[in-house]
Amino acid sequence: MKVLVISDVHLKPWIIETAGQMMERHGFDNAVFLGDFADDWDQERNIDLYKETYAALEIFLLKYPDSKVCYGNHDLSYVWQKLETGYSSYARQTVVDCLNQLYKTVNVSRFQYIHKIDNVLFSHAGITMSFLRMHFVDIPIIGDILVTINGMGPEDIWNDASPIWARPENRFGFYRGFITRNEDYLQVVGHTPVDRPEYREKDGILMTDVFSTYQNGTPIGTRQFVWVDTVTKEWGVI
């Protein structure tokens with residue numbers, strides 16, 4: 001299956017709209033959003049932009065009913081009222097209302113911390129060995145891991161090693177798969193801005209957050225969309 005990856009929108013609805021055009025133009029089988037639709041520099045009071053961004057997401061999800069969404073820390077900070085950089089007290093109720101509206105029109109199971117499609121794990125920030133060791137004495141099969149993690153609440157998820165917060169530079173040990181069970185998964189993540197899509201072989205992660213900007217609005221990355229073949233684990237950019 002060839003999947004389009006959309007990472008870290010941060011109040012840029014044009015990214016979602018362009019992704020829709022990419023779906024039509026290139027005939028991808030599916031799409032996965034890696035989270036962080038809320039928050040951008042100096043947009044704390046721009047409530048209309050928050051609404052526009054989530055409305056664009058709803059349109060996309062309705063048009064492509066198999067597409068999936070991974071929760072990001074910037075989205076969950078409003079649900080859980082966790083203050084962090086970029087959090088807007090003005091936008092809190094708007095984000096919650098927009099998510100609740102999505103849950104009314106879209107099957108809530110499409111929203112998870114982690115989605116698995118074939119041999120690829122999609123999440124906002126990645127599964128780390130540190131996080132697994134916090135919650136599992138003996139690491140079970142991947143299906144059991146995903147059921148457990150996707151059922152967790154803020155008391156387990158809101159930490160630096162979790163699938164919504166982990167960063168490679170913090171050396172939490174990104175999880176490459178169960179070698180002893182002959183399973184090895186590619187992880188596709190956003191969260192950490194990079195100047196171009198980058199596969200880090202030692203971690204088994206493909207980093208895709210190329211749409212984030214500096215505070216003055218200058219792009220950090222190339223703004224290229226990434227696609228992934230979920231069977232072969234091949235990937236490319238558009």
# chains A, B, ... in the order shown; residues from 1 in each chain; ligands from 1
$ select_by_dssp --residues "segment 144-205 of chain A" --states "strand (DSSP E)" --output "list in words"
Leu186, Gln187, Val188, Val189, Glu198, Tyr199, Arg200 and Ile205 of chain A
$ write_last_selection --atoms "N, CA and C atoms" --output "JSON list (two decimals), in the first residue's frame"
[["chain", "number", "residue", "atom", "x", "y", "z"],
["A", 186, "LEU", "N", 9.37, -0.10, 10.12],
["A", 186, "LEU", "CA", 9.79, 1.27, 9.89],
["A", 186, "LEU", "C", 8.86, 2.18, 10.69],
["A", 187, "GLN", "N", 9.43, 3.12, 11.44],
["A", 187, "GLN", "CA", 8.62, 4.12, 12.12],
["A", 187, "GLN", "C", 8.65, 5.42, 11.33],
["A", 188, "VAL", "N", 7.49, 5.98, 11.10],
["A", 188, "VAL", "CA", 7.37, 7.26, 10.41],
["A", 188, "VAL", "C", 6.87, 8.28, 11.42],
["A", 189, "VAL", "N", 7.65, 9.36, 11.61],
["A", 189, "VAL", "CA", 7.36, 10.31, 12.68],
["A", 189, "VAL", "C", 7.45, 11.74, 12.17],
["A", 198, "GLU", "N", 14.15, 12.62, 6.23],
["A", 198, "GLU", "CA", 15.41, 11.94, 6.57],
["A", 198, "GLU", "C", 15.14, 10.59, 7.21],
["A", 199, "TYR", "N", 15.78, 9.56, 6.65],
["A", 199, "TYR", "CA", 15.72, 8.24, 7.26],
["A", 199, "TYR", "C", 16.96, 8.02, 8.12],
["A", 200, "ARG", "N", 16.75, 7.74, 9.39],
["A", 200, "ARG", "CA", 17.86, 7.48, 10.31],
["A", 200, "ARG", "C", 17.92, 5.98, 10.56],
["A", 205, "ILE", "N", 13.86, 5.12, 11.92],
["A", 205, "ILE", "CA", 12.80, 6.11, 11.83],
["A", 205, "ILE", "C", 12.97, 6.99, 10.60]]
$ residues_around --residues "segment 94-100 of chain A" --least-positions-apart "5" --cutoff "8 Å" --atoms "only C-alpha atoms" --output "JSON list (two decimals) with C-alpha atoms, in the first residue's frame"
[["chain", "number", "residue", "atom", "x", "y", "z"],
["A", 38, "ALA", "CA", -2.99, 23.35, 16.42],
["A", 47, "ILE", "CA", -9.47, 31.55, 16.29],
["A", 50, "TYR", "CA", -7.90, 27.17, 14.17],
["A", 51, "LYS", "CA", -11.43, 26.53, 12.91],
["A", 54, "TYR", "CA", -9.79, 21.54, 11.62],
["A", 55, "ALA", "CA", -12.53, 22.10, 9.04],
["A", 75, "ASP", "CA", -3.56, 18.86, 19.97],
["A", 78, "TYR", "CA", -5.88, 21.34, 24.78],
["A", 79, "VAL", "CA", -7.79, 18.15, 25.48]]
$ closest_residue --among "A:Val147, A:Met129, A:Ile164, A:Val210" --to "Leu76 of chain A" --atoms "only C-alpha atoms"
A:Ile164
$ atom_distance --atom1 "atom CA of Tyr214 of chain A" --atom2 "atom CA of Trp165 of chain A"
19.4 Å
$ select_by_dssp --residues "segment 24-134 of chain A" --states "helix (DSSP H, G or I)" --output "ChimeraX atom specification"
/A:24-26,47-63,73-79,92-105,108-110,129-134
$ write_last_selection --atoms "N, CA and C atoms" --output "tab-separated table (two decimals), in the first residue's frame"
chain	number	residue	atom	x	y	z
A	24	GLU	N	-5.40	12.89	-5.30
A	24	GLU	CA	-6.06	12.76	-6.60
A	24	GLU	C	-5.05	12.62	-7.72
A	25	ARG	N	-3.98	13.39	-7.64
A	25	ARG	CA	-3.02	13.43	-8.74
A	25	ARG	C	-2.18	12.16	-8.82
A	26	HIS	N	-1.82	11.60	-7.66
A	26	HIS	CA	-0.88	10.48	-7.65
A	26	HIS	C	-1.54	9.14	-7.30
A	47	ILE	N	-8.54	32.67	16.11
A	47	ILE	CA	-9.47	31.55	16.29
A	47	ILE	C	-10.01	31.06	14.96
A	48	ASP	N	-10.23	31.96	14.03
A	48	ASP	CA	-10.74	31.55	12.71
A	48	ASP	C	-9.78	30.59	12.02
A	49	LEU	N	-8.48	30.80	12.21
A	49	LEU	CA	-7.50	29.93	11.58
A	49	LEU	C	-7.52	28.53	12.22
A	50	TYR	N	-7.73	28.47	13.53
A	50	TYR	CA	-7.90	27.17	14.17
A	50	TYR	C	-9.10	26.44	13.56
A	51	LYS	N	-10.22	27.15	13.45
A	51	LYS	CA	-11.43	26.53	12.91
A	51	LYS	C	-11.23	26.10	11.46
A	52	GLU	N	-10.56	26.94	10.68
A	52	GLU	CA	-10.33	26.63	9.27
A	52	GLU	C	-9.47	25.38	9.12
A	53	THR	N	-8.47	25.24	9.98
A	53	THR	CA	-7.57	24.09	9.90
A	53	THR	C	-8.29	22.79	10.20
A	54	TYR	N	-9.06	22.77	11.28
A	54	TYR	CA	-9.79	21.54	11.62
A	54	TYR	C	-10.92	21.26	10.64
A	55	ALA	N	-11.50	22.31	10.07
A	55	ALA	CA	-12.53	22.10	9.04
A	55	ALA	C	-11.93	21.45	7.81
A	56	ALA	N	-10.73	21.89	7.43
A	56	ALA	CA	-10.05	21.28	6.28
A	56	ALA	C	-9.75	19.81	6.56
A	57	LEU	N	-9.37	19.51	7.80
A	57	LEU	CA	-9.12	18.12	8.17
A	57	LEU	C	-10.39	17.29	8.05
A	58	GLU	N	-11.51	17.83	8.51
A	58	GLU	CA	-12.78	17.10	8.44
A	58	GLU	C	-13.15	16.80	6.99
A	59	ILE	N	-13.00	17.78	6.12
A	59	ILE	CA	-13.31	17.59	4.70
A	59	ILE	C	-12.45	16.46	4.12
A	60	PHE	N	-11.16	16.47	4.45
A	60	PHE	CA	-10.25	15.44	3.94
A	60	PHE	C	-10.66	14.06	4.45
A	61	LEU	N	-10.92	13.95	5.74
A	61	LEU	CA	-11.23	12.65	6.33
A	61	LEU	C	-12.54	12.09	5.80
A	62	LEU	N	-13.49	12.96	5.50
A	62	LEU	CA	-14.75	12.49	4.93
A	62	LEU	C	-14.57	12.04	3.48
A	63	LYS	N	-13.70	12.72	2.77
A	63	LYS	CA	-13.48	12.35	1.37
A	63	LYS	C	-12.67	11.07	1.25
A	73	ASN	N	1.23	16.28	20.34
A	73	ASN	CA	1.25	16.92	21.65
A	73	ASN	C	0.52	18.26	21.64
A	74	HIS	N	0.59	19.00	20.53
A	74	HIS	CA	-0.07	20.30	20.49
A	74	HIS	C	-1.59	20.18	20.47
A	75	ASP	N	-2.11	19.08	19.95
A	75	ASP	CA	-3.56	18.86	19.97
A	75	ASP	C	-4.02	18.38	21.35
A	76	LEU	N	-3.29	17.42	21.90
A	76	LEU	CA	-3.69	16.85	23.18
A	76	LEU	C	-3.50	17.82	24.33
A	77	SER	N	-2.61	18.80	24.17
A	77	SER	CA	-2.43	19.77	25.25
A	77	SER	C	-3.73	20.50	25.57
A	78	TYR	N	-4.58	20.68	24.57
A	78	TYR	CA	-5.88	21.34	24.78
A	78	TYR	C	-6.89	20.38	25.40
A	79	VAL	N	-6.86	19.14	24.94
A	79	VAL	CA	-7.79	18.15	25.48
A	79	VAL	C	-7.51	17.92	26.96
A	92	ARG	N	-8.39	27.25	23.42
A	92	ARG	CA	-8.60	25.96	24.07
A	92	ARG	C	-9.97	25.38	23.74
A	93	GLN	N	-11.04	26.13	23.97
A	93	GLN	CA	-12.37	25.60	23.75
A	93	GLN	C	-12.62	25.33	22.27
A	94	THR	N	-12.03	26.15	21.41
A	94	THR	CA	-12.19	25.95	19.96
A	94	THR	C	-11.61	24.61	19.54
A	95	VAL	N	-10.41	24.29	20.01
A	95	VAL	CA	-9.78	23.02	19.64
A	95	VAL	C	-10.62	21.85	20.14
A	96	VAL	N	-11.06	21.92	21.39
A	96	VAL	CA	-11.88	20.85	21.95
A	96	VAL	C	-13.17	20.69	21.16
A	97	ASP	N	-13.81	21.81	20.83
A	97	ASP	CA	-15.06	21.76	20.06
A	97	ASP	C	-14.82	21.17	18.67
A	98	CYS	N	-13.73	21.55	18.04
A	98	CYS	CA	-13.43	21.04	16.70
A	98	CYS	C	-13.17	19.54	16.74
A	99	LEU	N	-12.45	19.07	17.74
A	99	LEU	CA	-12.21	17.63	17.86
A	99	LEU	C	-13.51	16.89	18.12
A	100	ASN	N	-14.34	17.42	18.98
A	100	ASN	CA	-15.63	16.77	19.25
A	100	ASN	C	-16.50	16.71	18.00
A	101	GLN	N	-16.44	17.75	17.18
A	101	GLN	CA	-17.17	17.75	15.93
A	101	GLN	C	-16.65	16.65	15.01
A	102	LEU	N	-15.32	16.49	14.95
A	102	LEU	CA	-14.74	15.43	14.15
A	102	LEU	C	-15.20	14.06	14.62
A	103	TYR	N	-15.27	13.87	15.93
A	103	TYR	CA	-15.67	12.58	16.46
A	103	TYR	C	-17.13	12.25	16.12
A	104	LYS	N	-17.93	13.28	15.85
A	104	LYS	CA	-19.32	13.05	15.48
A	104	LYS	C	-19.45	12.61	14.03
A	105	THR	N	-18.52	13.04	13.20
A	105	THR	CA	-18.65	12.77	11.76
A	105	THR	C	-17.67	11.71	11.26
A	108	VAL	N	-14.11	7.47	15.53
A	108	VAL	CA	-13.05	7.89	16.45
A	108	VAL	C	-11.86	6.94	16.43
A	109	SER	N	-12.05	5.70	15.97
A	109	SER	CA	-10.95	4.75	15.91
A	109	SER	C	-9.87	5.18	14.92
A	110	ARG	N	-10.20	6.13	14.06
A	110	ARG	CA	-9.21	6.63	13.11
A	110	ARG	C	-8.22	7.57	13.78
A	129	MET	N	12.40	2.66	23.17
A	129	MET	CA	12.65	1.58	24.12
A	129	MET	C	12.44	2.05	25.55
A	130	SER	N	12.80	3.29	25.83
A	130	SER	CA	12.60	3.82	27.19
A	130	SER	C	11.13	3.78	27.57
A	131	PHE	N	10.26	4.15	26.64
A	131	PHE	CA	8.83	4.16	26.93
A	131	PHE	C	8.31	2.73	27.12
A	132	LEU	N	8.78	1.81	26.27
A	132	LEU	CA	8.34	0.43	26.41
A	132	LEU	C	8.75	-0.15	27.76
A	133	ARG	N	9.96	0.16	28.18
A	133	ARG	CA	10.43	-0.38	29.46
A	133	ARG	C	9.69	0.21	30.65
A	134	MET	N	9.12	1.41	30.47
A	134	MET	CA	8.31	1.99	31.54
A	134	MET	C	7.04	1.19	31.80
$ atom_distance --atom1 "atom CA of Gly143 of chain A" --atom2 "atom CA of Ser162 of chain A"
17.4 Å
$ atom_distance --atom1 "atom CA of Gly221 of chain A" --atom2 "atom CA of Ser88 of chain A"
24.6 Å
